[in-house]
Structure formats: C-alpha cells, structure tokens
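Shown next: entry.txt, given as compact mmCIF, C-alpha atoms and all ligand atoms.
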```txt
# COMPACT_ATOMS: atom_id res chain seq x y z
CA MET X 41 6.44 68.78 27.18
CA THR X 42 6.77 72.17 25.51
CA THR X 43 4.00 74.71 25.08
CA VAL X 44 3.84 73.92 21.37
CA GLU X 45 3.41 70.20 22.04
CA ASN X 46 0.78 70.95 24.64
CA SER X 47 -1.30 72.95 22.21
CA ALA X 48 -0.83 70.36 19.47
CA THR X 49 -2.13 67.50 21.62
CA ARG X 50 -5.00 69.41 23.25
CA VAL X 51 -8.47 68.18 22.23
CA ASP X 52 -10.48 71.08 20.87
CA ASN X 53 -14.23 70.58 21.29
CA SER X 54 -15.23 74.02 20.06
CA GLU X 55 -17.20 74.51 16.87
CA THR X 56 -15.44 75.73 13.75
CA PRO X 57 -17.35 78.14 11.51
CA VAL X 58 -17.87 76.74 8.03
CA VAL X 59 -16.34 79.23 5.61
CA LEU X 60 -16.02 77.16 2.46
CA GLY X 61 -18.63 79.17 0.56
CA GLY X 62 -16.86 82.39 1.40
CA THR X 63 -13.50 81.14 0.24
CA ARG X 64 -14.85 80.09 -3.14
CA GLY X 65 -16.40 83.27 -4.43
CA GLY X 66 -18.50 84.86 -1.73
CA PRO X 67 -21.36 83.90 0.60
CA ASP X 68 -23.99 83.68 -2.16
CA VAL X 69 -22.08 81.06 -4.13
CA SER X 70 -22.83 77.48 -3.01
CA THR X 71 -20.48 75.90 -5.54
CA VAL X 72 -18.47 76.69 -8.64
CA ARG X 73 -18.79 73.13 -9.93
CA LYS X 74 -20.51 72.74 -13.28
CA ASP X 75 -20.76 68.92 -13.28
CA ARG X 76 -23.67 66.90 -11.90
CA TRP X 77 -22.09 66.47 -8.44
CA TRP X 78 -25.53 65.77 -6.91
CA ILE X 79 -25.86 62.37 -8.65
CA SER X 80 -23.65 60.59 -6.13
CA PRO X 81 -25.57 61.76 -3.00
CA VAL X 82 -28.91 61.05 -4.69
CA ILE X 83 -27.83 57.47 -5.51
CA THR X 84 -26.49 56.98 -1.97
CA VAL X 85 -29.75 58.20 -0.41
CA SER X 86 -31.79 55.97 -2.73
CA ILE X 87 -29.81 52.80 -2.03
CA LEU X 88 -29.44 53.27 1.73
CA THR X 89 -33.11 54.23 2.15
CA SER X 90 -34.20 51.20 0.11
CA PHE X 91 -31.99 48.92 2.19
CA VAL X 92 -33.25 50.31 5.51
CA VAL X 93 -36.90 49.98 4.44
CA TYR X 94 -36.39 46.42 3.18
CA ALA X 95 -34.30 45.31 6.20
CA THR X 96 -36.84 46.76 8.64
CA TRP X 97 -39.70 44.93 6.92
CA ALA X 98 -37.70 41.67 6.71
CA ALA X 99 -36.67 41.89 10.37
CA PHE X 100 -40.21 42.44 11.65
CA VAL X 101 -42.04 39.97 9.40
CA GLY X 102 -40.67 36.98 11.37
CA LYS X 103 -41.41 34.22 8.85
CA ASN X 104 -40.07 32.63 5.62
CA TYR X 105 -36.47 33.07 6.74
CA TYR X 106 -35.54 29.39 6.63
CA ALA X 107 -35.80 26.75 3.90
CA GLY X 108 -35.41 23.44 5.72
CA SER X 109 -35.67 19.68 5.19
CA SER X 110 -39.25 19.81 3.85
CA LEU X 111 -37.76 21.67 0.86
CA HIS X 112 -34.59 19.48 0.84
CA ARG X 113 -32.45 22.45 1.82
CA ASP X 114 -30.70 24.02 4.82
CA LEU X 115 -30.77 27.71 3.94
CA ILE X 116 -31.18 30.45 6.53
CA SER X 117 -31.41 34.17 5.91
CA PRO X 118 -28.40 36.15 7.22
CA PHE X 119 -30.90 38.54 8.86
CA TYR X 120 -32.01 35.71 11.17
CA SER X 121 -28.74 33.93 11.87
CA PRO X 122 -27.98 32.90 14.53
CA CYS X 123 -31.63 32.15 15.33
CA LEU X 124 -31.65 32.26 19.12
CA THR X 125 -35.26 32.27 20.27
CA ALA X 126 -37.69 29.48 21.13
CA SER X 127 -39.95 30.72 18.34
CA CYS X 128 -37.35 29.91 15.65
CA VAL X 129 -38.52 27.59 12.89
CA PRO X 130 -37.52 23.95 13.65
CA GLY X 131 -34.12 23.20 12.12
CA SER X 132 -33.06 26.85 11.91
CA THR X 133 -31.35 26.99 15.27
CA HIS X 134 -28.18 25.21 16.41
CA SER X 135 -27.90 26.59 19.93
CA PRO X 136 -29.83 26.87 23.20
CA THR X 137 -32.79 29.19 22.69
CA ILE X 138 -34.22 32.14 24.61
CA SER X 139 -37.83 31.57 25.62
CA TRP X 140 -38.75 35.07 26.87
CA TRP X 141 -38.13 36.76 23.51
CA THR X 142 -41.49 36.55 21.73
CA ILE X 143 -41.08 39.00 18.85
CA SER X 144 -39.11 38.40 15.64
CA PRO X 145 -35.78 36.58 16.29
CA ALA X 146 -34.05 38.97 13.87
CA LEU X 147 -34.57 41.90 16.23
CA LEU X 148 -32.42 40.15 18.84
CA ILE X 149 -29.28 40.07 16.69
CA LEU X 150 -29.48 42.73 13.97
CA ILE X 151 -28.11 45.47 16.24
CA PHE X 152 -24.61 44.05 15.73
CA PRO X 153 -24.37 43.91 11.91
CA LEU X 154 -26.36 47.14 11.58
CA GLY X 155 -24.23 48.86 14.23
CA PHE X 156 -21.13 47.70 12.37
CA ARG X 157 -22.33 49.29 9.14
CA LEU X 158 -23.80 52.40 10.76
CA THR X 159 -20.49 53.27 12.44
CA CYS X 160 -18.33 52.22 9.45
CA TYR X 161 -15.92 55.00 8.45
CA TYR X 162 -16.93 54.72 4.79
CA TYR X 163 -20.69 54.70 5.40
CA ARG X 164 -20.26 57.65 7.76
CA ARG X 165 -18.72 59.64 4.96
CA ALA X 166 -21.49 58.49 2.61
CA TYR X 167 -24.43 59.39 4.81
CA TYR X 168 -22.91 62.57 6.24
CA ARG X 169 -22.60 63.77 2.67
CA SER X 170 -25.84 62.48 1.21
CA PHE X 171 -28.34 62.82 4.08
CA TRP X 172 -26.88 65.73 6.07
CA TRP X 173 -25.15 67.56 3.23
CA ALA X 174 -22.14 68.14 5.42
CA PRO X 175 -20.86 68.81 2.77
CA PRO X 176 -22.71 66.99 -0.07
CA ALA X 177 -19.60 66.86 -2.33
CA CYS X 178 -16.11 68.26 -2.72
CA SER X 179 -16.13 72.01 -3.45
CA VAL X 180 -19.82 72.33 -2.57
CA VAL X 181 -20.74 74.45 0.41
CA ASP X 182 -21.76 72.76 3.63
CA SER X 183 -25.46 73.15 4.44
CA HIS X 184 -24.60 73.70 8.13
CA LYS X 185 -23.22 76.86 9.65
CA SER X 186 -20.69 75.17 11.91
CA TYR X 187 -18.74 71.96 12.21
CA SER X 188 -18.00 70.11 15.46
CA GLY X 189 -16.71 66.86 14.00
CA GLU X 190 -17.38 63.71 15.97
CA SER X 191 -16.14 65.05 19.27
CA ARG X 192 -19.57 65.60 20.85
CA PHE X 193 -22.75 63.71 21.68
CA PRO X 194 -24.20 61.89 19.79
CA LEU X 195 -21.55 61.45 17.09
CA ILE X 196 -18.82 60.71 19.62
CA PHE X 197 -20.45 57.27 19.90
CA GLN X 198 -19.20 56.51 16.39
CA ASN X 199 -15.99 55.56 18.21
CA VAL X 200 -17.56 52.24 19.23
CA HIS X 201 -16.90 51.05 15.68
CA ARG X 202 -13.92 48.90 16.68
CA TYR X 203 -16.12 46.94 19.11
CA PHE X 204 -18.76 46.35 16.44
CA PHE X 205 -15.88 45.11 14.30
CA TYR X 206 -15.09 42.42 16.90
CA PHE X 207 -18.77 41.36 17.05
CA GLY X 208 -18.86 41.39 13.26
CA LEU X 209 -16.10 38.77 13.18
CA ILE X 210 -18.26 36.45 15.31
CA PHE X 211 -21.14 36.91 12.88
CA ASN X 212 -18.83 36.20 9.95
CA VAL X 213 -17.89 32.84 11.49
CA ILE X 214 -21.58 32.00 12.01
CA LEU X 215 -22.56 33.01 8.47
CA THR X 216 -19.64 31.02 7.08
CA TYR X 217 -21.01 28.01 8.98
CA ASP X 218 -24.42 28.72 7.40
CA ALA X 219 -22.78 28.79 3.96
CA ILE X 220 -21.27 25.35 4.60
CA LEU X 221 -24.66 24.04 5.74
CA ALA X 222 -26.12 25.35 2.47
CA PHE X 223 -24.38 22.42 0.72
CA SER X 224 -26.68 20.08 2.64
CA MET X 225 -29.60 18.70 0.61
CA PRO X 226 -31.54 16.28 2.82
CA GLY X 227 -33.49 13.81 0.71
CA GLU X 228 -31.71 14.84 -2.51
CA GLY X 229 -28.45 12.94 -2.22
CA GLY X 230 -27.39 14.58 1.05
CA ILE X 231 -25.01 17.11 -0.45
CA GLY X 232 -24.93 19.35 -3.52
CA VAL X 233 -24.72 22.85 -4.88
CA SER X 234 -27.74 25.02 -5.62
CA ILE X 235 -28.29 28.69 -6.41
CA GLY X 236 -28.94 29.18 -2.70
CA THR X 237 -25.58 27.58 -1.89
CA LEU X 238 -23.77 29.97 -4.22
CA ILE X 239 -25.60 33.00 -2.82
CA LEU X 240 -24.84 32.15 0.81
CA CYS X 241 -21.19 31.35 -0.03
CA SER X 242 -20.87 34.68 -1.87
CA ASN X 243 -22.45 36.43 1.09
CA ALA X 244 -19.95 34.89 3.54
CA VAL X 245 -16.94 35.71 1.34
CA LEU X 246 -18.08 39.31 0.83
CA LEU X 247 -18.70 39.82 4.54
CA TRP X 248 -15.17 38.62 5.28
CA LEU X 249 -13.79 40.98 2.63
CA TYR X 250 -15.83 43.85 4.08
CA SER X 251 -14.56 43.10 7.61
CA LEU X 252 -10.93 42.49 6.66
CA SER X 253 -10.86 45.72 4.65
CA CYS X 254 -12.22 47.68 7.65
CA HIS X 255 -10.06 50.57 8.88
CA SER X 256 -10.25 49.23 12.44
CA CYS X 257 -8.93 45.89 11.19
CA ARG X 258 -5.98 47.59 9.49
CA HIS X 259 -5.26 49.53 12.65
CA LEU X 260 -5.50 46.35 14.70
CA CYS X 261 -2.90 44.73 12.41
CA GLY X 262 -0.44 47.56 12.02
CA GLY X 263 -1.43 50.39 14.34
CA GLN X 264 0.79 51.74 17.13
CA VAL X 265 3.81 49.84 15.84
CA ARG X 266 7.05 51.81 15.83
CA SER X 267 9.03 49.21 13.93
CA PHE X 268 7.57 46.48 11.73
CA ALA X 269 10.96 44.76 11.89
CA LYS X 270 10.19 43.90 15.51
CA HIS X 271 6.67 42.71 14.68
CA PRO X 272 6.99 40.55 11.52
CA TRP X 273 3.59 38.86 11.90
CA ARG X 274 1.77 42.13 12.35
CA HIS X 275 3.59 43.38 9.26
CA LYS X 276 2.37 40.34 7.30
CA PHE X 277 -1.23 40.92 8.40
CA TRP X 278 -0.95 44.64 7.68
CA LYS X 279 0.41 43.96 4.19
CA PHE X 280 -2.44 41.52 3.59
CA VAL X 281 -5.27 43.84 4.64
CA THR X 282 -3.88 47.11 3.20
CA PRO X 283 -4.81 46.36 -0.45
CA LEU X 284 -8.23 45.17 0.76
CA ASN X 285 -8.62 48.41 2.70
CA ALA X 286 -8.16 50.36 -0.54
CA LYS X 287 -11.30 48.63 -1.88
CA HIS X 288 -13.38 49.04 1.27
CA MET X 289 -15.99 51.20 -0.44
CA GLN X 290 -16.62 48.58 -3.11
CA PHE X 291 -16.86 45.78 -0.54
CA ALA X 292 -19.26 47.91 1.53
CA TRP X 293 -21.72 48.31 -1.35
CA ILE X 294 -21.44 44.82 -2.85
CA SER X 295 -21.78 43.06 0.51
CA LEU X 296 -24.79 45.24 1.37
CA PHE X 297 -26.48 44.24 -1.87
CA VAL X 298 -25.67 40.53 -1.50
CA VAL X 299 -26.84 40.30 2.12
CA ALA X 300 -30.21 41.76 1.06
CA LEU X 301 -30.27 39.45 -1.98
CA SER X 302 -29.60 36.44 0.28
CA ASP X 303 -32.55 37.28 2.49
CA ALA X 304 -34.85 37.96 -0.45
CA TYR X 305 -33.86 34.73 -2.25
CA ILE X 306 -34.33 32.50 0.81
CA ARG X 307 -37.64 34.25 1.53
CA LEU X 308 -38.87 33.37 -1.96
CA VAL X 309 -37.70 29.75 -1.62
CA ALA X 310 -39.10 29.30 1.91
CA SER X 311 -42.49 30.73 0.94
CA GLY X 312 -42.71 28.38 -2.06
CA THR X 313 -42.70 31.23 -4.58
CA ILE X 314 -39.65 29.77 -6.38
CA THR X 315 -37.71 26.51 -6.24
CA ASP X 316 -34.03 26.58 -5.34
CA PHE X 317 -32.41 25.17 -8.49
CA LYS X 318 -29.91 22.38 -7.82
CA ILE X 319 -26.89 22.76 -10.10
CA PHE X 320 -25.27 19.41 -9.25
S1 LIG X 401 -14.38 51.18 8.37
FE1 LIG X 401 -16.04 50.29 7.31
S2 LIG X 401 -16.41 48.48 8.42
FE2 LIG X 401 -14.82 49.44 9.55
```
Have the structure of the file written as structure tokens, please.
Amino acid sequence: MTTVENSATRVDNSETPVVLGGTRGGPDVSTVRKDRWWISPVITVSILTSFVVYATWAAFVGKNYYAGSSLHRDLISPFYSPCLTASCVPGSTHSPTISWWTISPALLILIFPLGFRLTCYYYRRAYYRSFWWAPPACSVVDSHKSYSGESRFPLIFQNVHRYFFYFGLIFNVILTYDAILAFSMPGEGGIGVSIGTLILCSNAVLLWLYSLSCHSCRHLCGGQVRSFAKHPWRHKFWKFVTPLNAKHMQFAWISLFVVALSDAYIRLVASGTITDFKIF
C-alpha cells in the first residue's frame, strides 16, 4: 500500500474546528440566510418531544393497552406487543410469560423499537440539527466550536443501528400478526373489519416501509458487491428497496405518528371511552 493510500484509509479521531461562520462573512455572522430556516428545527423539536413524553407516559401507565373478548375485539397496542410478562392482561399474550418482571410490560420490549429509531440515520440528522444545533440548518453556523463526528464515545454507539434493524424486523413480524388478529371479532360474527383493524394494519404496513427503506437494509441488499451481474437476487432486492430508501424521511414521520395513534386509539377503546366502530 502506498503512503497516499495509507493516509486515505487512516481513521482520524481528532476534532475539526468549525469554521463555517468564518467562511461566510466573518465570525460575527451566524448566517446569511433571510428565510425562516428555524421553522424546521422548531417543528422537529416539538414533534419528537411530544412523542417522547407521550410514549414515556404510555409505557409506564401499564393498563388499557388491550381490547379483548369482553369488547368483542383482539386489539393490542404496539407499545405492549409482544406482551411477555405474567402481569399481562388475559388474552394479550401468546407466548410463555416472565414472572419476575413486575413493572409495566412495555418497559421490557420498548428498548428495541426506540433504539431502532434513536440510531436511525435520518432521525440522527433531525435531532442533531434541531436539539444540538450542530448545525441547525444548511448555511447556518454550528453552535459548537468543534466537530468530532460519530467517532468517539458516546456517539460511536450509533453504529449499533444495523443490529436494531435486525430486531426491528422481528417486531414487524409480531405487529403484522397483531394486525391479522385485529380482524377477529369474538361474539360479533367471529371476523370483520373495524377502525381498529384499519389502524393496526396501517401501522404494520408503515413499519415495514420504514424498515425496508432503512439505509442499513439497502446496504444489506446491495452493499459490498463488486458486480451485480454475479449477484442477481441481491440486485433485485437492492432495486426494490432503493426507491423506498429515497422516501425514508416520510416513512419515518408517518410511521411515528401512526404508532402513537394506534396506542392512543386502543387505549380509548380499552378504557371504554369510545367504541371501536365495526365497518363490516
Ligand atoms: S436509517 Fe432510518 S431506520 Fe435505518
């Protein structure tokens, strides 16, 4: 290997001074933009903060997460599925349960979907910009004096994203199973379609779209391939996920909204606040 190649492949962990302000008109100028660039980070902070507050409350509350046979339904909140503890509401669990876990069942499983979103390449960009202002928008000066990327503790742990992706696929299968169960209407003809059915089906489809559009998924399909001609199936998968990948941001936001909507709707049905309307 030549000296040039050596220097090109060397990992540089040193900090790089942020000089963007200086290059755009001097150190006292934070931006030359005249538009309302701050709207996007403000909206991002508002939505992500609202979601975190709601999800934390929903995860700790530990009740009204399942509408079962007494309501002629089989609807479980995605925040509580799979329900794995002995304290799970009867009918909400389809597996052996864990007896020693005595707090909310949601806290046992949420680390995987939340870890998947927290380490997502798109969300990283969104919260680095909106919460840390690093930088808050294009052509706006970084609020930090130096930049070390994700090569150091703690941000180096963002590299576990691909493993959360694998766990996310398992959750997608489980939530798809839940969506199929949502067609069950015990005591009301056995099978049918309600608003709850449509919401859980939408949730499952959007979670698949979010996962299949993931950058790690695209890399898994087409990464480290020198010639697609020698890997025709990987080429097919790569061609399938690439257009989805282009819409990853949209899938990230819509699926986040629908997963919260699913929990809120089932919570209202399970608590008796509303009735799940049967369409047919
Ligand atoms: S990059 Fe967003 S889920 Fe993987």
Distance filter 9 Å around ligand LIG 401 (chain X), atoms: only C-alpha atoms and all ligand atoms, out as a PDB file with C-alpha atoms, in the frame of the given file:
```pdb
ATOM      1  CA  PHE X 156     -21.130  47.700  12.370  1.00  0.00           C
ATOM      2  CA  ARG X 157     -22.330  49.290   9.140  1.00  0.00           C
ATOM      3  CA  LEU X 158     -23.800  52.400  10.760  1.00  0.00           C
ATOM      4  CA  THR X 159     -20.490  53.270  12.440  1.00  0.00           C
ATOM      5  CA  CYS X 160     -18.330  52.220   9.450  1.00  0.00           C
ATOM      6  CA  TYR X 161     -15.920  55.000   8.450  1.00  0.00           C
ATOM      7  CA  TYR X 162     -16.930  54.720   4.790  1.00  0.00           C
ATOM      8  CA  TYR X 163     -20.690  54.700   5.400  1.00  0.00           C
ATOM      9  CA  ARG X 164     -20.260  57.650   7.760  1.00  0.00           C
ATOM     10  CA  HIS X 201     -16.900  51.050  15.680  1.00  0.00           C
ATOM     11  CA  ARG X 202     -13.920  48.900  16.680  1.00  0.00           C
ATOM     12  CA  PHE X 204     -18.760  46.350  16.440  1.00  0.00           C
ATOM     13  CA  PHE X 205     -15.880  45.110  14.300  1.00  0.00           C
ATOM     14  CA  GLY X 208     -18.860  41.390  13.260  1.00  0.00           C
ATOM     15  CA  TYR X 250     -15.830  43.850   4.080  1.00  0.00           C
ATOM     16  CA  SER X 251     -14.560  43.100   7.610  1.00  0.00           C
ATOM     17  CA  LEU X 252     -10.930  42.490   6.660  1.00  0.00           C
ATOM     18  CA  SER X 253     -10.860  45.720   4.650  1.00  0.00           C
ATOM     19  CA  CYS X 254     -12.220  47.680   7.650  1.00  0.00           C
ATOM     20  CA  HIS X 255     -10.060  50.570   8.880  1.00  0.00           C
ATOM     21  CA  SER X 256     -10.250  49.230  12.440  1.00  0.00           C
ATOM     22  CA  CYS X 257      -8.930  45.890  11.190  1.00  0.00           C
ATOM     23  CA  ASN X 285      -8.620  48.410   2.700  1.00  0.00           C
ATOM     24  CA  HIS X 288     -13.380  49.040   1.270  1.00  0.00           C
ATOM     25  CA  MET X 289     -15.990  51.200  -0.440  1.00  0.00           C
ATOM     26  CA  ALA X 292     -19.260  47.910   1.530  1.00  0.00           C
TER      27      ALA X 292
END
```
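Closest approach to X:Pro153 among X:Val299, X:Pro136, X:Ala98, X:Cys261 is made by X:Val299 (distances from only C-alpha atoms).
Between atom CA of X:Ala107 and atom CA of X:Ser132 the interatomic distance comes to 8.5 Å.
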- Item | Distance query 7 Å from (-38.7, 31.2, 5.5) using all atoms listed in the file, result as an NGL selection string | :X and (103-107 or 306-307 or 310-311)
- d(atom CA of X:Thr315, atom CA of X:Gly229) in Å: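 So the answer is 16.9 Å.
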- Task: Identify, on the basis of all atoms listed in the file, every residue whose closest approach to X:Leu148 does not exceed 10 Å; exclude the query and any residue fewer than 6 positions from it along the same chain; express the result as a list in words.
- Result: Ala99, Tyr120, Pro122, Cys123, Leu124, Thr125 and Trp141 of chain X
- Item | Between atom CA of X:Gly102 and atom CA of X:Ala126, distance in Å (one decimal) | 12.7 Å
- So, counting all atoms listed in the file, which residue among X:Ile314, X:Ala304, X:Leu154, X:Val72 is closest to X:Val181?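 Looking at the shortest contact to X:Val181, the residue is X:Val72.
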- Item | Spatial sel., origin (-25.9, 37.5, -0.6), limit 8 Å, all atoms listed in the file, listed as a PyMOL selection string | chain X and resi 239-244+295+297-303
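Of the listed residues X:Leu296, X:Leu249, X:Lys276, X:Ile149, the one whose atoms come nearest to X:Ser90 is X:Leu296, with distances taken using all atoms listed in the file.
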Please reconstruct the missing atoms of stretch 144-164 of chain X (target: N, CA and C atoms) and return them as a short mmCIF file (atom, residue, chain, number, x, y, z; two decimals), keeping the file's coordinate frame.
```
data_model
loop_
_atom_site.label_atom_id
_atom_site.label_comp_id
_atom_site.auth_asym_id
_atom_site.auth_seq_id
_atom_site.Cartn_x
_atom_site.Cartn_y
_atom_site.Cartn_z
N SER X 144 -39.95 38.98 16.70
CA SER X 144 -39.11 38.40 15.64
C SER X 144 -37.68 38.12 16.13
N PRO X 145 -37.15 36.90 15.87
CA PRO X 145 -35.78 36.58 16.29
C PRO X 145 -34.73 37.51 15.68
N ALA X 146 -35.03 38.09 14.52
CA ALA X 146 -34.05 38.97 13.87
C ALA X 146 -33.74 40.19 14.72
N LEU X 147 -34.75 40.66 15.46
CA LEU X 147 -34.57 41.90 16.23
C LEU X 147 -33.60 41.71 17.39
N LEU X 148 -33.34 40.44 17.73
CA LEU X 148 -32.42 40.15 18.84
C LEU X 148 -30.95 40.30 18.41
N ILE X 149 -30.67 40.13 17.14
CA ILE X 149 -29.28 40.07 16.69
C ILE X 149 -28.87 41.18 15.73
N LEU X 150 -29.85 41.81 15.06
CA LEU X 150 -29.48 42.73 13.97
C LEU X 150 -28.74 43.97 14.44
N ILE X 151 -28.81 44.29 15.72
CA ILE X 151 -28.11 45.47 16.24
C ILE X 151 -26.61 45.39 15.94
N PHE X 152 -26.07 44.17 15.91
CA PHE X 152 -24.61 44.05 15.73
C PHE X 152 -24.19 44.30 14.27
N PRO X 153 -24.77 43.58 13.28
CA PRO X 153 -24.37 43.91 11.91
C PRO X 153 -24.78 45.32 11.49
N LEU X 154 -25.96 45.78 11.96
CA LEU X 154 -26.36 47.14 11.58
C LEU X 154 -25.49 48.19 12.26
N GLY X 155 -25.13 47.94 13.53
CA GLY X 155 -24.23 48.86 14.23
C GLY X 155 -22.87 48.92 13.56
N PHE X 156 -22.42 47.77 13.07
CA PHE X 156 -21.13 47.70 12.37
C PHE X 156 -21.16 48.58 11.13
N ARG X 157 -22.25 48.48 10.37
CA ARG X 157 -22.33 49.29 9.14
C ARG X 157 -22.59 50.76 9.46
N LEU X 158 -23.44 51.02 10.43
CA LEU X 158 -23.80 52.40 10.76
C LEU X 158 -22.59 53.21 11.22
N THR X 159 -21.66 52.56 11.92
CA THR X 159 -20.49 53.27 12.44
C THR X 159 -19.27 53.13 11.53
N CYS X 160 -19.42 52.42 10.42
CA CYS X 160 -18.33 52.22 9.45
C CYS X 160 -17.82 53.59 8.95
N TYR X 161 -16.51 53.72 8.88
CA TYR X 161 -15.92 55.00 8.45
C TYR X 161 -16.40 55.38 7.05
N TYR X 162 -16.50 54.39 6.15
CA TYR X 162 -16.93 54.72 4.79
C TYR X 162 -18.39 55.15 4.77
N TYR X 163 -19.27 54.34 5.41
CA TYR X 163 -20.69 54.70 5.40
C TYR X 163 -20.92 56.04 6.07
N ARG X 164 -20.13 56.34 7.11
CA ARG X 164 -20.26 57.65 7.76
C ARG X 164 -20.05 58.75 6.74
#
```
